[in-house]
Number of protein chains: 4
Amino acid sequence: MTRTKPAEQRRAALLAAGRALFGAKGIAATSLDDITQRAGVSKGLFYLYFPSKEDLVLALQEQFSHEFAARMRAAAESRADWTARLDACVGAAFECYRELHDLHEVMFRHAHAVRPGSEAGPEPAPAAATRVIRDLFAAGTAAGAFDVADPESTAVLCCASMHAFDQGFRGRRGPDDVRLIQAARQLFRRAAGVT
Amino acid sequence: MTRTKPAEQRRAALLAAGRALFGAKGIAATSLDDITQRAGVSKGLFYLYFPSKEDLVLALQEQFSHEFAARMRAAAESRADWTARLDACVGAAFECYRELHDLHEVMFRHAHAVRPGSEAGPEPAPAAATRVIRDLFAAGTAAGAFDVADPESTAVLCCASMHAFDQGFRGRRGPDDVRLIQAARQLFRRAAGVT
Amino acid sequence: MTRTKPAEQRRAALLAAGRALFGAKGIAATSLDDITQRAGVSKGLFYLYFPSKEDLVLALQEQFSHEFAARMRAAAESRADWTARLDACVGAAFECYRELHDLHEVMFRHAHAVRPGSEAGPEPAPAAATRVIRDLFAAGTAAGAFDVADPESTAVLCCASMHAFDQGFRGRRGPDDVRLIQAARQLFRRAAGVT
Amino acid sequence: MTRTKPAEQRRAALLAAGRALFGAKGIAATSLDDITQRAGVSKGLFYLYFPSKEDLVLALQEQFSHEFAARMRAAAESRADWTARLDACVGAAFECYRELHDLHEVMFRHAHAVRPGSEAGPEPAPAAATRVIRDLFAAGTAAGAFDVADPESTAVLCCASMHAFDQGFRGRRGPDDVRLIQAARQLFRRAAGVT
DNA sequence: GATGAATGAGTTTTCATTCAT
DNA sequence: TATGAATGAAAACTCATTCAT
């Protein structure tokens, strides 16, 4: 069994296993045994790549956070018109949320115990995504297409509103996807001050 | 010791202990021993009032959800003008969030393991608050003061945006409270279509 | 199985199991599973009585230390003549060593990691026994029967010399018991300055 | 990296690393990773030089035992007078103890599990030192300077008494070094029957 | 009703040792 | 010779839950 594999592959397998299990059962209900078994490695190997279970969670947070932000940015940049950019952003966010929806817990989990030693602690997971929206609001306003008095605060609020894309947030009888995304587009437009 | 006390008082003590500890240390890090000790009762007594630890979490969710919704509703009803109602709602939500902010985990926790037997599962915690906003949007629109095409979807989004009130959500360098609440008021007005 | 028993009995069972196993296999090689299994209790129960495995070791140390000192003192007090007292002390120590010899590791183990928080740490295990010898030297000298310039230092050295009673200390071809105890008696007499 | 070095140098590096780490943290708390890292070699290399961690401990025991004995012997031989020899021996032992004091655990550790296959097991660590004292007592007695009835037993006892040189053995309020070494000299003289 | 002693499966983590390269 | 990735058994410790009193 002791077959050596590239470190990146091992790490990726561990991240993938963590992602799948955290999504399916939640972080607390997932044991390291589950993770290593699913990744097809020994328990000891895990600790060659991550100092603790908590660090796997953090690594996943970062991974998703970047992916989320990157996709929103790409979507925004694919359009020329400011309003279209906004719409594209919402669309991308919605898609992302859907694909990652089972990782809600991982992404938005609060770090309860601030690590001793780490002065500032990690940036909150959605920060990268928020910056994309903020920049869009700011640039659009500068270009005269939007009218956002406080792009940063508004971006934080708008980003937070995307929590609604998560199934668990809405009631079982809440609005369906189509209605929700339409409403989101309208909300973002209005937030941007598009007339 | 074996002094009988009113059931409601016992239950309340347990809820209060759970609230304090979950808020301070997180759900996973709080043991039943912690809870019963803080409540000043025996461990066995807990199970006379709640079937499991999970059910205490659920009971707290419901408690907060109702309190949250009730305060928003009261704030809205204290004003006559539609826009003022909306602003009051935002203000109340912000205050509530601050008071309960350490209970973020309790309120917005996803129920991962759907209880076998319970067909539908419990309503998501923020549902009650969402209804308050929805009704406000709908009534305001009917009265001609607002212009909300889909009050339900918009309410879900707006309610979700309140996550931004949580300190942990914004970055350490994110907007401060004053800016945030102003931005929130503006966002809600625009969402409502107030011109 | 859940039969409640007096706390003292439980504690004693745990101490007895620890003593037997530490003696037979050494501290490091004895697991908590071993201990609780031998004591006929569950693993969780152990932690109701001792905060950690280390604390069981410490409790045993104290137990033996007291027993050891008490037996030496009793032996010394059973005689009137000063030299006879010394001899009796040596005899008692020898017997004790033999009975407890497998617990050498427990008794004389060095605490490597000084507990953070505990300012001074526990007294070394043989301290109580040393005091018995010291008092004997001092009193005998005061009575004119002995001539010990520094009773404390001499007692520490004499007490340490008893390590030789341990089988593991002497070589396989070292002196046998009879010779050793005679030599010990002579050594103690000479140490005391008995002419 | 894969640079071949003289075997003796490798072995010495491993012994030195073990010595430093065992002394600082104790045997149990020192991992092979620690040792090989400190020695600057790979983990696999360790097993080319020692069959197991336990054997490193044993090798260190032997090393110290010999060093200890050699220094005592050298000290004794540097003097002509019998009493001076005894005093020099005590002085050398004291010095040695101080330098090696953190290795107490290594030197005096009992081998609990008798190796299957090894018929007799290794000689106890202090045996070599004991022989030095024994020979001194015997030769001095033969020369008419000492009067030791049983040199072997007395040597074993005297050697054991040196445990008192270890800080951990005496209480925190035990005798200081000067008093202790004076008392030791006196004890050894009296043990030798010097008048 | 109320207690809290007792349980034991489950958790994270460590580490001596192996072996393909 | 030398490496270090990989193993997996075992360790200490936790805690939700039960139940005899």
# chains A, B, ... in the order shown; residues from 1 in each chain; ligands from 1
$ interface_residues --of "chain D" --to "chain E" --cutoff "8 Å" --atoms "only C-alpha atoms (C1' of nucleotides)" --output "PyMOL selection string"
chain D and resi 31-32+53
$ write_last_selection --atoms "C-alpha atoms" --output "mmCIF file, in the first residue's frame"
data_model
loop_
_atom_site.group_PDB
_atom_site.id
_atom_site.type_symbol
_atom_site.label_atom_id
_atom_site.label_comp_id
_atom_site.auth_asym_id
_atom_site.auth_seq_id
_atom_site.Cartn_x
_atom_site.Cartn_y
_atom_site.Cartn_z
ATOM 1 C CA SER D 31 10.022 11.022 19.242
ATOM 2 C CA LEU D 32 12.270 9.470 16.667
ATOM 3 C CA LYS D 53 14.372 3.448 20.017
#
$ interface_residues --of "chain B" --to "chain F" --cutoff "10 Å" --atoms "only C-alpha atoms (C1' of nucleotides)" --output "VMD selection string"
chain B and resid 30 to 33 43 to 44 47 51 to 53
$ write_last_selection --atoms "N, CA and C atoms" --output "CSV table (one decimal), in the first residue's frame"
chain,number,residue,atom,x,y,z
B,30,THR,N,-19.8,23.1,24.0
B,30,THR,CA,-20.6,23.2,25.3
B,30,THR,C,-21.1,21.8,25.6
B,31,SER,N,-20.8,21.3,26.7
B,31,SER,CA,-21.3,20.0,27.1
B,31,SER,C,-22.6,20.1,27.9
B,32,LEU,N,-23.3,19.0,28.0
B,32,LEU,CA,-24.5,19.0,28.8
B,32,LEU,C,-24.1,19.3,30.3
B,33,ASP,N,-23.0,18.8,30.7
B,33,ASP,CA,-22.5,19.1,32.0
B,33,ASP,C,-22.4,20.6,32.3
B,43,LYS,N,-27.9,16.5,35.9
B,43,LYS,CA,-27.9,16.1,34.5
B,43,LYS,C,-29.1,15.4,34.1
B,44,GLY,N,-29.6,14.6,34.9
B,44,GLY,CA,-30.8,13.8,34.6
B,44,GLY,C,-32.0,14.7,34.3
B,47,TYR,N,-33.0,15.8,30.8
B,47,TYR,CA,-33.8,14.9,29.9
B,47,TYR,C,-35.3,14.8,30.2
B,51,PRO,N,-35.6,16.2,24.9
B,51,PRO,CA,-35.2,14.9,24.5
B,51,PRO,C,-33.7,14.7,24.2
B,52,SER,N,-33.0,15.8,23.9
B,52,SER,CA,-31.6,15.7,23.5
B,52,SER,C,-31.0,17.1,23.5
B,53,LYS,N,-29.7,17.1,23.4
B,53,LYS,CA,-29.1,18.4,23.3
B,53,LYS,C,-29.5,19.2,22.1
$ interface_residues --of "chain D" --to "chain C" --cutoff "6 Å" --atoms "only C-alpha atoms" --output "number ranges by chain"
D: 124, 153-154, 157, 160-161, 163-164, 171, 175, 180, 183, 187, 190-191
$ write_last_selection --atoms "C-alpha atoms" --output "PDB file, in the first residue's frame"
ATOM      1  CA  PRO D 124      22.414  -2.385  35.266  1.00  0.00           C
ATOM      2  CA  SER D 153      27.734  -4.635  49.341  1.00  0.00           C
ATOM      3  CA  THR D 154      29.062  -1.459  50.827  1.00  0.00           C
ATOM      4  CA  LEU D 157      25.017   1.067  48.955  1.00  0.00           C
ATOM      5  CA  ALA D 160      23.180   4.228  45.421  1.00  0.00           C
ATOM      6  CA  SER D 161      23.527   7.015  47.946  1.00  0.00           C
ATOM      7  CA  HIS D 163      21.189   9.441  43.919  1.00  0.00           C
ATOM      8  CA  ALA D 164      20.987  12.146  46.506  1.00  0.00           C
ATOM      9  CA  GLY D 171      13.253  18.257  48.532  1.00  0.00           C
ATOM     10  CA  PRO D 175      20.469  20.568  51.836  1.00  0.00           C
ATOM     11  CA  LEU D 180      25.691  17.699  50.734  1.00  0.00           C
ATOM     12  CA  ALA D 183      28.263  15.054  54.234  1.00  0.00           C
ATOM     13  CA  LEU D 187      29.748   9.275  54.915  1.00  0.00           C
ATOM     14  CA  ARG D 190      32.959   6.445  57.757  1.00  0.00           C
ATOM     15  CA  ALA D 191      31.737   3.725  55.432  1.00  0.00           C
TER      16      ALA D 191
END
$ residues_around --residues "Ala76 of chain A" --least-positions-apart "6" --cutoff "10 Å" --atoms "only C-alpha atoms (C1' of nucleotides)" --output "VMD selection string"
chain A and resid 70 82 to 92 132 to 133 136
$ write_last_selection --atoms "N, CA and C atoms" --output "CSV table (one decimal), in the first residue's frame"
chain,number,residue,atom,x,y,z
A,70,ALA,N,-13.6,34.6,-7.7
A,70,ALA,CA,-13.1,34.5,-9.1
A,70,ALA,C,-14.2,34.4,-10.1
A,82,TRP,N,-22.7,48.3,-17.6
A,82,TRP,CA,-22.7,48.2,-16.2
A,82,TRP,C,-23.8,47.4,-15.5
A,83,THR,N,-25.0,47.6,-16.0
A,83,THR,CA,-26.1,46.8,-15.5
A,83,THR,C,-26.0,45.3,-15.8
A,84,ALA,N,-25.5,45.1,-17.0
A,84,ALA,CA,-25.3,43.7,-17.4
A,84,ALA,C,-24.3,43.0,-16.5
A,85,ARG,N,-23.3,43.8,-16.1
A,85,ARG,CA,-22.2,43.3,-15.2
A,85,ARG,C,-22.8,42.9,-13.9
A,86,LEU,N,-23.7,43.7,-13.4
A,86,LEU,CA,-24.3,43.5,-12.1
A,86,LEU,C,-25.1,42.2,-12.2
A,87,ASP,N,-25.9,42.1,-13.3
A,87,ASP,CA,-26.8,40.9,-13.5
A,87,ASP,C,-25.9,39.7,-13.6
A,88,ALA,N,-24.8,39.8,-14.3
A,88,ALA,CA,-23.9,38.6,-14.5
A,88,ALA,C,-23.4,38.2,-13.2
A,89,CYS,N,-23.0,39.2,-12.4
A,89,CYS,CA,-22.5,38.9,-11.0
A,89,CYS,C,-23.5,38.1,-10.2
A,90,VAL,N,-24.7,38.5,-10.2
A,90,VAL,CA,-25.8,37.8,-9.4
A,90,VAL,C,-25.9,36.4,-9.9
A,91,GLY,N,-25.9,36.3,-11.3
A,91,GLY,CA,-26.1,35.0,-11.9
A,91,GLY,C,-25.0,34.1,-11.5
A,92,ALA,N,-23.8,34.6,-11.5
A,92,ALA,CA,-22.6,33.7,-11.2
A,92,ALA,C,-22.7,33.3,-9.7
A,132,VAL,N,-15.3,42.1,-4.7
A,132,VAL,CA,-15.7,42.2,-6.2
A,132,VAL,C,-16.9,43.1,-6.3
A,133,ILE,N,-17.9,42.9,-5.5
A,133,ILE,CA,-19.1,43.7,-5.6
A,133,ILE,C,-18.8,45.1,-5.3
A,136,LEU,N,-17.2,46.8,-8.1
A,136,LEU,CA,-18.2,47.0,-9.2
A,136,LEU,C,-19.1,48.3,-8.9
$ residues_around --residues "Leu100 of chain C" --least-positions-apart "6" --cutoff "10 Å" --atoms "only C-alpha atoms (C1' of nucleotides)" --output "ChimeraX atom specification"
/C:19,23,64,68,94,106-107,166
$ decode --residues "chain F" --atoms "N, CA and C atoms (P, O5', C5', C4', C3', O3' and C1' of nucleotides)" --output "compact mmCIF listing (two decimals), in the first residue's frame"
# COMPACT_ATOMS: atom_id res chain seq x y z
P DT F 1 26.87 0.93 4.87
O5' DT F 1 25.53 1.37 4.11
C5' DT F 1 25.65 1.76 2.75
C4' DT F 1 25.73 3.28 2.62
C3' DT F 1 24.97 4.08 3.69
O3' DT F 1 25.46 5.42 3.65
C1' DT F 1 23.76 4.07 1.67
P DA F 2 25.06 6.50 4.75
O5' DA F 2 23.64 6.95 4.21
C5' DA F 2 23.62 7.81 3.09
C4' DA F 2 22.20 8.13 2.73
C3' DA F 2 21.31 8.56 3.89
O3' DA F 2 20.93 9.91 3.62
C1' DA F 2 20.19 7.03 2.46
P DT F 3 19.99 10.72 4.62
O5' DT F 3 18.59 10.55 3.91
C5' DT F 3 18.45 10.99 2.56
C4' DT F 3 17.09 10.61 2.06
C3' DT F 3 15.94 11.10 2.94
O3' DT F 3 15.28 12.13 2.26
C1' DT F 3 15.60 8.86 2.15
P DG F 4 14.79 13.39 3.04
O5' DG F 4 13.26 13.00 3.11
C5' DG F 4 12.56 12.64 1.92
C4' DG F 4 11.27 11.95 2.30
C3' DG F 4 10.58 12.54 3.55
O3' DG F 4 9.18 12.32 3.44
C1' DG F 4 11.03 10.32 3.93
P DA F 5 8.29 13.44 2.82
O5' DA F 5 7.16 12.60 2.08
C5' DA F 5 7.44 11.94 0.85
C4' DA F 5 6.60 10.68 0.72
C3' DA F 5 5.16 10.83 1.16
O3' DA F 5 4.39 9.96 0.32
C1' DA F 5 6.22 9.24 2.55
P DA F 6 2.83 9.96 0.47
O5' DA F 6 2.58 8.75 1.45
C5' DA F 6 2.88 7.43 0.99
C4' DA F 6 2.67 6.44 2.10
C3' DA F 6 1.34 6.57 2.86
O3' DA F 6 0.54 5.43 2.54
C1' DA F 6 3.18 6.18 4.34
P DT F 7 -0.86 5.24 3.20
O5' DT F 7 -0.50 4.36 4.47
C5' DT F 7 0.19 3.15 4.26
C4' DT F 7 0.55 2.53 5.59
C3' DT F 7 -0.65 2.29 6.52
O3' DT F 7 -0.78 0.90 6.71
C1' DT F 7 1.18 3.24 7.70
P DG F 8 -2.18 0.21 6.68
O5' DG F 8 -2.44 0.09 8.23
C5' DG F 8 -1.49 -0.57 9.06
C4' DG F 8 -1.77 -0.20 10.50
C3' DG F 8 -3.26 -0.05 10.84
O3' DG F 8 -3.46 -0.48 12.18
C1' DG F 8 -2.18 1.90 11.38
P DA F 9 -4.26 -1.79 12.38
O5' DA F 9 -3.63 -2.34 13.74
C5' DA F 9 -2.21 -2.42 13.90
C4' DA F 9 -1.77 -1.73 15.17
C3' DA F 9 -2.75 -1.91 16.34
O3' DA F 9 -1.97 -2.05 17.52
C1' DA F 9 -2.44 0.41 15.91
P DA F 10 -2.66 -2.55 18.80
O5' DA F 10 -2.68 -1.22 19.64
C5' DA F 10 -1.43 -0.64 19.93
C4' DA F 10 -1.59 0.73 20.47
C3' DA F 10 -2.60 0.82 21.63
O3' DA F 10 -1.95 1.43 22.71
C1' DA F 10 -2.95 2.54 20.05
P DA F 11 -2.53 1.27 24.13
O5' DA F 11 -2.32 2.74 24.67
C5' DA F 11 -1.21 3.51 24.18
C4' DA F 11 -1.57 4.96 24.26
C3' DA F 11 -2.58 5.23 25.36
O3' DA F 11 -1.97 5.93 26.42
C1' DA F 11 -3.22 6.28 23.29
P DA F 12 -2.83 5.98 27.74
O5' DA F 12 -3.41 7.45 27.57
C5' DA F 12 -2.53 8.51 27.26
C4' DA F 12 -3.35 9.76 27.06
C3' DA F 12 -4.25 10.13 28.23
O3' DA F 12 -4.30 11.56 28.30
C1' DA F 12 -5.59 9.68 26.32
P DC F 13 -4.88 12.18 29.63
O5' DC F 13 -6.34 12.59 29.14
C5' DC F 13 -6.47 13.31 27.90
C4' DC F 13 -7.88 13.22 27.41
C3' DC F 13 -8.98 13.52 28.43
O3' DC F 13 -9.56 14.76 28.06
C1' DC F 13 -9.56 11.74 26.98
P DT F 14 -10.84 15.34 28.78
O5' DT F 14 -12.02 14.94 27.80
C5' DT F 14 -11.90 15.26 26.44
C4' DT F 14 -13.23 15.06 25.77
C3' DT F 14 -14.40 15.68 26.54
O3' DT F 14 -15.21 16.33 25.57
C1' DT F 14 -14.81 13.37 26.17
P DC F 15 -16.26 17.38 26.01
O5' DC F 15 -17.60 16.54 25.89
C5' DC F 15 -17.77 15.68 24.76
C4' DC F 15 -19.04 14.90 24.93
C3' DC F 15 -20.06 15.55 25.88
O3' DC F 15 -21.34 15.34 25.35
C1' DC F 15 -19.56 13.38 26.62
P DA F 16 -22.36 16.50 25.34
O5' DA F 16 -23.63 15.75 24.74
C5' DA F 16 -23.52 15.10 23.48
C4' DA F 16 -24.27 13.78 23.48
C3' DA F 16 -25.71 13.87 23.95
O3' DA F 16 -26.46 12.94 23.15
C1' DA F 16 -24.51 12.44 25.41
P DT F 17 -28.00 12.91 23.33
O5' DT F 17 -28.20 11.73 24.37
C5' DT F 17 -27.70 10.44 24.03
C4' DT F 17 -27.78 9.52 25.22
C3' DT F 17 -29.13 9.48 25.96
O3' DT F 17 -29.61 8.16 25.86
C1' DT F 17 -27.34 9.49 27.48
P DT F 18 -31.01 7.77 26.41
O5' DT F 18 -30.68 6.82 27.65
C5' DT F 18 -29.69 5.82 27.47
C4' DT F 18 -29.39 5.16 28.81
C3' DT F 18 -30.63 4.74 29.60
O3' DT F 18 -30.39 3.45 30.09
C1' DT F 18 -29.24 6.07 30.95
P DC F 19 -31.54 2.47 30.44
O5' DC F 19 -31.49 2.44 32.03
C5' DC F 19 -30.23 2.26 32.68
C4' DC F 19 -30.38 2.51 34.17
C3' DC F 19 -31.80 2.26 34.70
O3' DC F 19 -31.68 1.78 36.03
C1' DC F 19 -31.19 4.44 35.18
P DA F 20 -32.12 0.28 36.36
O5' DA F 20 -31.56 0.11 37.83
C5' DA F 20 -30.15 0.23 38.06
C4' DA F 20 -29.88 0.90 39.39
C3' DA F 20 -30.79 0.45 40.53
O3' DA F 20 -30.01 0.45 41.72
C1' DA F 20 -31.11 2.77 40.13
P DT F 21 -30.65 0.03 43.05
O5' DT F 21 -31.00 1.44 43.67
C5' DT F 21 -29.94 2.29 44.06
C4' DT F 21 -30.48 3.63 44.42
C3' DT F 21 -31.48 3.65 45.58
O3' DT F 21 -30.78 4.04 46.75
C1' DT F 21 -32.02 5.21 43.85
